[in-house]
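Trainee: Can you keep this structure in mind? I'll have questions shortly.
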Amino acid sequence: MKVLKFGGTSVGSVDSIRQIQHIIARQTDDCIVVVSALGGITDQLLKAAHLALETGEEYMEIYQQIRQRHLDMIHTLITNTTVQQMLCHEIERILDELRSILFGVHLIKDLSPKSEAAIVSYGERMSSRIVTAALPGAVRKNSLEFIRTEHKHGQILLNSELTEQLIHENFTPIPHLAVCPGFISKDGKTDEITNLGRGGSDYTASILAATLNAEVLEIWTDVNGFMTADPRLIPEAYTIQSLSYVEATELCNFGAKVVYPPTIYPVCAKNIPIRILNTFCLDNTGTIIQAQAEKDARHVCGLSSIRDVAMITVSGLSMVGVIGVNQRIFGALAAAGVSVFLVSQASSENSTTLGVQEKDCDIAVEVLTREFAEEIKVGSMYPMLVQQGLAAVSIVGEKMHNTPGIAGKLFGTLGRNGISVIAFAQGAKETNISFVVPQQQLS
């Protein structure tokens with residue numbers, strides 16, 4: 001059995017769904033197909049929700065565009081008149097629900113996280129029904145019945161134990177061909193609709209693959225796989241044929257958007273390989289991710305980057321030798337839901353520099369200032385130092401471990417090209433060297 005996930009571009013048009021039909025027709029194994037919303041629909045749903053909150057009836061224009069796109073696709077794609085009529089009736093019913101929720105937001109001028117999660121869920125609810133109807137012999141399995149989440153530390157996280165139990169109940173026996181909506185989920189206690197975050201359809205597919213011990217997880221997208229670098233910045237970049245789980249995770253965490261980062265862990269724990277494949281280029285072998293990358297002479301397998309980075313430095317002589325300062329820093333940020341992707345600490349312990357997304361900078365500074373207010377007041381710590389307009393770059397490769405000269409070559413190259421490094425970090429495993437530069441120097 002294998003799990004195949006198709007992203008928004010892969011279900012975005014009649015032609016792309018016909019490509020899915022062709023891909024599924026070539027399969028000999030039992031398959032679970034996980035689909036995203038039609039390309040761009042999630043953004044439109046969010047736009048409609050916020051227009052309903054903030055304006056008059058402009059949200060109805062977006063709603064009508066969403067409605068028309070789905071109905072046009074059904075009329076073009078589904079040729080069986082009976083199936084077409086039944087599917088249109090079902091989609092119209094779902095669209096009526098969506099319209100009612102949007103009207104409620106418009107009427108009371110309140111868009112709660114609960115309402116927003118419900119609104120964006122309609123993309124996958126509709127796309128999964130269309131793809132099921134387009135695949136002969138397919139049955140639809142509703143992810144809202146088996147993907148369960150819980151609230152922890154201000155975030156929505158997977159309730160693994162309950163989810164695994166419900167997946168086994170819903171997939172025993174495993175059907176020959178099943179279609180599931182990705183991304184959407186429910187709270188394990190309240191049954192309120194939640195979601196797994198942007199890219200969550202990858203995560204849904206990984207959870208299913210790991211729980212049901214799939215032979216392989218295939219992520220079908222609109223690129224050939226992981227690239228050695230961003231081709232928009234480095235035209236000579238090429239597809240990486242093989243990566244380890246560790247290398248893929250490092251590349252994802254530093255900006256490579258091929259796979260949603262949480263996707264890797266569930267299948268890694270079961271040693272299930274991931275294949276990244278191009279829906280629109282079936283002859284390309286893509287990238288395989290597994291426990292050990294295939295033999296390769298290169299020490300560095302790839303380079304990735306993140307734009308719109310801010311650096312926050314927590315500093316003060318009172319930090320030197322004091323136990324628990326970093327616990328306070330990361331505890332305060334975790335409670336505020338701020339993710340830190342890079343940490344650089346002075347050996348004297350008098351400063352810790354944190355890399356965060358610029359969108360999280362203000363709240364991070366606010367909570368850290370509040371956490372250390374007493375120390376700042378008496379002068380034993382300094383106000384937070386903030387630098388914005390930055391980019392983080394990471395070079396990745398498991399073969400860098402115990403290989404002398406990699407960092408020297410990196411910084412020598414940067415220096416010869418006049419690139420100023422603002423902060424630098426390297427883990428003890430030596431699989432990643434990360435550094436921060438002014439954003440204008442990224443390209």
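By convention here, the chains of the structure tokens are called A, B, ... in the order presented, each chain's residues are numbered starting at 1, and ligands are numbered starting at 1 in the order presented.
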If we count only C-alpha atoms, what is near range 235-247 of chain A at a cut-off of 7 Å, once residues fewer than 5 positions away on the same chain are taken out, given as a count of residues only?

Mentor: 21

Trainee: Identify all residues of range 167-387 of chain A in strand (DSSP E or B) (DSSP on the backbone) and supply them as a PyMOL selection string.

Mentor: chain A and resi 177-181+184-187+193-195+216-221+227+239+242-244+274-278+287-290+302-315+342-345+351-357+385-387

Trainee: Need the shell around Ala25 in chain A: protein/DNA/RNA residues with any atom at most 12 Å away, counting only C-alpha atoms. Skip same-chain ones fewer than 5 positions apart. Format as a list in words?

Mentor: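 My list of contacting residues is Arg18, Gln19, Ile20, Asp30, Cys31, Ala134, Leu135, Pro136, Gly137, Ala138 and Leu177 of chain A.
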
Trainee: What lies within 9 Å of Val3 in chain A using only C-alpha atoms, ignoring chain neighbours under 2 positions off, as a count of residues only?

Mentor: 17

Trainee: Among range 217-373 of chain A, which ones does DSSP place in alpha helix (DSSP H), written as a VMD selection string?

Mentor: chain A and resid 245 to 253 264 to 269 325 to 335 361 to 371 373

Trainee: Which residues are near Ser10 in chain A? Cut-off 10 Å, only C-alpha atoms, ignore same chain within fewer than 2 positions. Put them as a ChimeraX atom specification.

Mentor: /A:5-8,12-20,35-39,220-222,278-280

Trainee: So which residues touch range 415-420 of chain A within 7 Å, counting only C-alpha atoms, skipping near sequence neighbours fewer than 4 positions away, as a list in words?

Mentor: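 So, after excluding close chain neighbours, the residues are Phe411, Val437 and Gln441 of chain A.
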
Trainee: So which residues touch Glu145 in chain A within 8 Å, counting only C-alpha atoms, skipping near sequence neighbours fewer than 3 positions away, as number ranges by chain?

Mentor: A: 142, 166, 185-186

Trainee: Work out how far apart CA of Arg125 in chain A and CA of Pro181 in chain A are and give it in Å to one decimal.

Mentor: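 Answer for the CA of Arg125 in chain A to CA of Pro181 in chain A separation: 6.2 Å.
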
Trainee: Hey, can you check how far CA of Phe341 in chain A sits from CA of Val267 in chain A?

Mentor: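 Computing it gives 22.5 Å between the two atoms.
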
Trainee: Of the candidates A:Ile74, A:Ile91, A:Ile41, A:Cys301, which one gets nearest to Ser121 in chain A if we count only C-alpha atoms?

Mentor: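 Checking each of A:Ile74, A:Ile91, A:Ile41, A:Cys301 against Ser121 in chain A, counting only C-alpha atoms, the winner is A:Ile41.
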